[in-house]
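Worksheet: the structure to be examined is printed underneath.
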Amino acid sequence: MTTDDMKARLSNALARMTLLRGHVRGHLVTGLVLVIPLVVTILILRFMWEFLYTFLLPLFEFIEGQFPSFPGIYVQIIIISIILGFLYGLGWGARTVVGAQVVRFWHAAIESIPFVRGFYRVARQLVDMFSSDNPLAGKPVVVLEYPRLGTLALGMITSRFFLDDGEEYLTVYVPTIPIPTSGYMAIVKEDQVTQTDISFDEAMRIILSGGALSEEITLRHFRRRQRRERARRQREERSIDRDGHAAHVPEPEEAAAD
């Protein structure tokens with residue numbers, strides 16, 4: 001084996017190790033991003049439950065002393081109702097002017113903590129991405145060749161772009177993996193994009209999974225289109241049969257003459 005062969009094999013091995021490291025790191029980050037909001041939500045709800053239960057325990061014991069038949073399930077129902085009411089009131093207050101200022105102050109305070117800042121920012125961006133206030137929600141999902149010819153990427157049509165001579169283009173947002181809140185803006189002609197039936201939420205699921213869910217989602221849409229196409233052809237065939245049958249039915253006068 002020559003020295004050049006050894007260098008080539010070593011270079012290939014290093015390239016494979018680099019790809020493997022990027023693959024593992026990308027999937028680990030994606031999994032961590034998905035788990036963090038869930039864990040934080042569970043911890044917050046658990047804290048609220050334990051706090052309310054401890055705070056209201058003397059009241060519950062007093063009620064049970066006065067009404068021995070008072071069922072314990074009412075305790076859980078009352079606590080759940082209080083938590084839901086608190087969350088609803090918090091969400092309503094956050095939409096007011098004063099509430100929005102308090103929310104901004106809260107975000108700034110949390111993001112000032114060095115260790116928590118990165119995770120909190122990611123979780124907040126993901127929540128904003130899937131919220132109904134996201135300006136990208138409901139935008140058409142398309143496939144385009146980006147960043148180079150022959151390479152396809154998912155994107156959302158955000159608006160239209162006009163040059164000085166009036167030529168019209170589309171502005172397409174191309175999200176990145178594993179954080180779809182960051183991405184690129186591509187300006188392309190309309191005939192350079194392919195429309196899809198994929199919804200915004202499905203596109204986000206594909207991106208967050210690193211493409212692992214792409215087969216499941218796209219295959220479901222493909223089969224749905226096949227069923228619609230078969231149903232359309234069947235309707236056309238039935239319509240043609242009815243028209244052809246009607247064309248061969250003799251008129252009453254002709255039938256009497258015969």
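Naming scheme: A, B, ... for chains in displayed order of the structure tokens; residues 1 onward per chain; ligands 1 onward as shown.
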
Shell of 9 Å around range 40-57 of chain A, only C-alpha atoms, local chain residues under 3 positions omitted, as a PDB file with all heavy atoms, in the first residue's frame:
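Produced file result.pdb, reproduced below:
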ATOM      1  N   VAL A  35     -37.489  17.978  24.097  1.00  0.00           N
ATOM      2  CA  VAL A  35     -37.752  17.522  25.461  1.00  0.00           C
ATOM      3  C   VAL A  35     -37.822  18.686  26.444  1.00  0.00           C
ATOM      4  O   VAL A  35     -38.632  18.669  27.385  1.00  0.00           O
ATOM      5  CB  VAL A  35     -36.670  16.506  25.896  1.00  0.00           C
ATOM      6  CG1 VAL A  35     -36.719  16.250  27.394  1.00  0.00           C
ATOM      7  CG2 VAL A  35     -36.865  15.205  25.150  1.00  0.00           C
ATOM      8  N   ILE A  36     -36.984  19.703  26.249  1.00  0.00           N
ATOM      9  CA  ILE A  36     -36.885  20.781  27.233  1.00  0.00           C
ATOM     10  C   ILE A  36     -38.224  21.461  27.504  1.00  0.00           C
ATOM     11  O   ILE A  36     -38.626  21.609  28.667  1.00  0.00           O
ATOM     12  CB  ILE A  36     -35.816  21.805  26.786  1.00  0.00           C
ATOM     13  CG1 ILE A  36     -34.420  21.217  26.981  1.00  0.00           C
ATOM     14  CG2 ILE A  36     -35.949  23.101  27.587  1.00  0.00           C
ATOM     15  CD1 ILE A  36     -33.316  22.108  26.479  1.00  0.00           C
ATOM     16  N   PRO A  37     -38.988  21.892  26.481  1.00  0.00           N
ATOM     17  CA  PRO A  37     -40.283  22.521  26.802  1.00  0.00           C
ATOM     18  C   PRO A  37     -41.228  21.600  27.557  1.00  0.00           C
ATOM     19  O   PRO A  37     -41.954  22.047  28.450  1.00  0.00           O
ATOM     20  CB  PRO A  37     -40.842  22.888  25.418  1.00  0.00           C
ATOM     21  CG  PRO A  37     -39.657  22.947  24.527  1.00  0.00           C
ATOM     22  CD  PRO A  37     -38.721  21.913  25.042  1.00  0.00           C
ATOM     23  N   PHE A  60     -59.562  21.943  52.806  1.00  0.00           N
ATOM     24  CA  PHE A  60     -60.131  20.648  52.449  1.00  0.00           C
ATOM     25  C   PHE A  60     -60.395  19.799  53.692  1.00  0.00           C
ATOM     26  O   PHE A  60     -61.417  19.108  53.787  1.00  0.00           O
ATOM     27  CB  PHE A  60     -59.192  19.910  51.495  1.00  0.00           C
ATOM     28  CG  PHE A  60     -59.025  20.592  50.172  1.00  0.00           C
ATOM     29  CD1 PHE A  60     -57.820  20.512  49.477  1.00  0.00           C
ATOM     30  CD2 PHE A  60     -60.068  21.317  49.617  1.00  0.00           C
ATOM     31  CE1 PHE A  60     -57.671  21.135  48.258  1.00  0.00           C
ATOM     32  CE2 PHE A  60     -59.914  21.946  48.385  1.00  0.00           C
ATOM     33  CZ  PHE A  60     -58.718  21.860  47.717  1.00  0.00           C
ATOM     34  N   GLU A  61     -59.464  19.828  54.656  1.00  0.00           N
ATOM     35  CA  GLU A  61     -59.660  19.056  55.887  1.00  0.00           C
ATOM     36  C   GLU A  61     -60.851  19.585  56.672  1.00  0.00           C
ATOM     37  O   GLU A  61     -61.621  18.809  57.262  1.00  0.00           O
ATOM     38  CB  GLU A  61     -58.394  19.107  56.736  1.00  0.00           C
ATOM     39  CG  GLU A  61     -57.215  18.347  56.113  1.00  0.00           C
ATOM     40  CD  GLU A  61     -55.952  18.461  56.952  1.00  0.00           C
ATOM     41  OE1 GLU A  61     -55.925  19.327  57.859  1.00  0.00           O
ATOM     42  OE2 GLU A  61     -55.000  17.711  56.686  1.00  0.00           O
ATOM     43  N   PHE A  62     -61.038  20.898  56.680  1.00  0.00           N
ATOM     44  CA  PHE A  62     -62.192  21.474  57.375  1.00  0.00           C
ATOM     45  C   PHE A  62     -63.495  21.041  56.706  1.00  0.00           C
ATOM     46  O   PHE A  62     -64.472  20.678  57.381  1.00  0.00           O
ATOM     47  CB  PHE A  62     -62.083  22.999  57.375  1.00  0.00           C
ATOM     48  CG  PHE A  62     -63.304  23.692  57.910  1.00  0.00           C
ATOM     49  CD1 PHE A  62     -63.541  23.754  59.281  1.00  0.00           C
ATOM     50  CD2 PHE A  62     -64.226  24.275  57.043  1.00  0.00           C
ATOM     51  CE1 PHE A  62     -64.682  24.386  59.772  1.00  0.00           C
ATOM     52  CE2 PHE A  62     -65.358  24.908  57.532  1.00  0.00           C
ATOM     53  CZ  PHE A  62     -65.583  24.960  58.900  1.00  0.00           C
ATOM     54  N   VAL A  75     -61.309  17.577  45.302  1.00  0.00           N
ATOM     55  CA  VAL A  75     -60.053  18.296  45.566  1.00  0.00           C
ATOM     56  C   VAL A  75     -59.272  18.457  44.269  1.00  0.00           C
ATOM     57  O   VAL A  75     -58.808  19.550  43.916  1.00  0.00           O
ATOM     58  CB  VAL A  75     -59.220  17.549  46.619  1.00  0.00           C
ATOM     59  CG1 VAL A  75     -57.878  18.252  46.825  1.00  0.00           C
ATOM     60  CG2 VAL A  75     -59.977  17.450  47.930  1.00  0.00           C
ATOM     61  N   GLN A  76     -59.116  17.359  43.519  1.00  0.00           N
ATOM     62  CA  GLN A  76     -58.396  17.415  42.246  1.00  0.00           C
ATOM     63  C   GLN A  76     -59.112  18.320  41.241  1.00  0.00           C
ATOM     64  O   GLN A  76     -58.473  19.077  40.512  1.00  0.00           O
ATOM     65  CB  GLN A  76     -58.243  16.002  41.662  1.00  0.00           C
ATOM     66  CG  GLN A  76     -57.193  15.141  42.353  1.00  0.00           C
ATOM     67  CD  GLN A  76     -57.697  14.516  43.627  1.00  0.00           C
ATOM     68  OE1 GLN A  76     -58.868  14.669  43.966  1.00  0.00           O
ATOM     69  NE2 GLN A  76     -56.837  13.794  44.327  1.00  0.00           N
ATOM     70  N   ILE A  79     -58.423  21.982  42.187  1.00  0.00           N
ATOM     71  CA  ILE A  79     -57.051  22.399  41.897  1.00  0.00           C
ATOM     72  C   ILE A  79     -56.854  22.566  40.386  1.00  0.00           C
ATOM     73  O   ILE A  79     -56.245  23.545  39.923  1.00  0.00           O
ATOM     74  CB  ILE A  79     -56.051  21.378  42.468  1.00  0.00           C
ATOM     75  CG1 ILE A  79     -56.090  21.405  43.997  1.00  0.00           C
ATOM     76  CG2 ILE A  79     -54.634  21.682  41.975  1.00  0.00           C
ATOM     77  CD1 ILE A  79     -55.166  20.402  44.646  1.00  0.00           C
ATOM     78  N   ILE A  80     -57.365  21.618  39.591  1.00  0.00           N
ATOM     79  CA  ILE A  80     -57.243  21.728  38.138  1.00  0.00           C
ATOM     80  C   ILE A  80     -57.960  22.970  37.629  1.00  0.00           C
ATOM     81  O   ILE A  80     -57.457  23.690  36.751  1.00  0.00           O
ATOM     82  CB  ILE A  80     -57.794  20.459  37.470  1.00  0.00           C
ATOM     83  CG1 ILE A  80     -56.899  19.259  37.790  1.00  0.00           C
ATOM     84  CG2 ILE A  80     -57.898  20.639  35.959  1.00  0.00           C
ATOM     85  CD1 ILE A  80     -57.431  17.938  37.274  1.00  0.00           C
ATOM     86  N   ILE A  82     -58.461  25.753  39.267  1.00  0.00           N
ATOM     87  CA  ILE A  82     -57.675  26.935  39.644  1.00  0.00           C
ATOM     88  C   ILE A  82     -56.488  27.114  38.702  1.00  0.00           C
ATOM     89  O   ILE A  82     -56.189  28.232  38.251  1.00  0.00           O
ATOM     90  CB  ILE A  82     -57.206  26.814  41.107  1.00  0.00           C
ATOM     91  CG1 ILE A  82     -58.411  26.875  42.059  1.00  0.00           C
ATOM     92  CG2 ILE A  82     -56.208  27.923  41.440  1.00  0.00           C
ATOM     93  CD1 ILE A  82     -58.047  26.642  43.505  1.00  0.00           C
ATOM     94  N   ILE A  83     -55.798  26.005  38.375  1.00  0.00           N
ATOM     95  CA  ILE A  83     -54.635  26.099  37.477  1.00  0.00           C
ATOM     96  C   ILE A  83     -55.061  26.572  36.092  1.00  0.00           C
ATOM     97  O   ILE A  83     -54.426  27.458  35.498  1.00  0.00           O
ATOM     98  CB  ILE A  83     -53.926  24.734  37.395  1.00  0.00           C
ATOM     99  CG1 ILE A  83     -53.284  24.391  38.748  1.00  0.00           C
ATOM    100  CG2 ILE A  83     -52.860  24.753  36.302  1.00  0.00           C
ATOM    101  CD1 ILE A  83     -52.642  23.015  38.791  1.00  0.00           C
TER     102      ILE A  83
END

Do you know which residues are at most 10 Å from Val142 in chain A counting only C-alpha atoms, after dropping those on the same chain fewer than 4 positions away, and could you put them as a list in words?
Ala153, Leu154, Gly155, Met156, Ile157, Val172, Tyr173, Val174, Gln192, Val193, Thr194, Gln195, Thr196, Asp197, Ile198, Ser199 and Ala203 of chain A

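Atom to atom, CA of Glu145 in chain A and CA of Arg227 in chain A stand 28.3 Å apart.
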
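The interatomic distance for the pair CA of Ser112 in chain A and CA of Gly93 in chain A works out to 23.5 Å.
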
Give me, as a PyMOL selection string, the residues of range 149-258 of chain A that a backbone DSSP run labels strand (DSSP E or B).
chain A and resi 152-162+168-175+183-188+193-195

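Closest approach to Ala186 in chain A from the set A:Arg148, A:Arg205, A:Arg9, A:Arg242 is made by A:Arg148, with distances taken over only C-alpha atoms.
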
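The space between CA of Gly150 in chain A and CA of Asp191 in chain A spans 15.4 Å.
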
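The shortest atom-to-atom distance to Phe200 in chain A, with only C-alpha atoms taken into account, belongs to A:Thr158 out of A:Ser81, A:Thr171, A:Thr158, A:Ser182.
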
Go through A:Gln226, A:Ser159, A:Gln101, A:Thr218 and flag the residue nearest Glu190 in chain A, using only C-alpha atoms for the distances.
A:Ser159
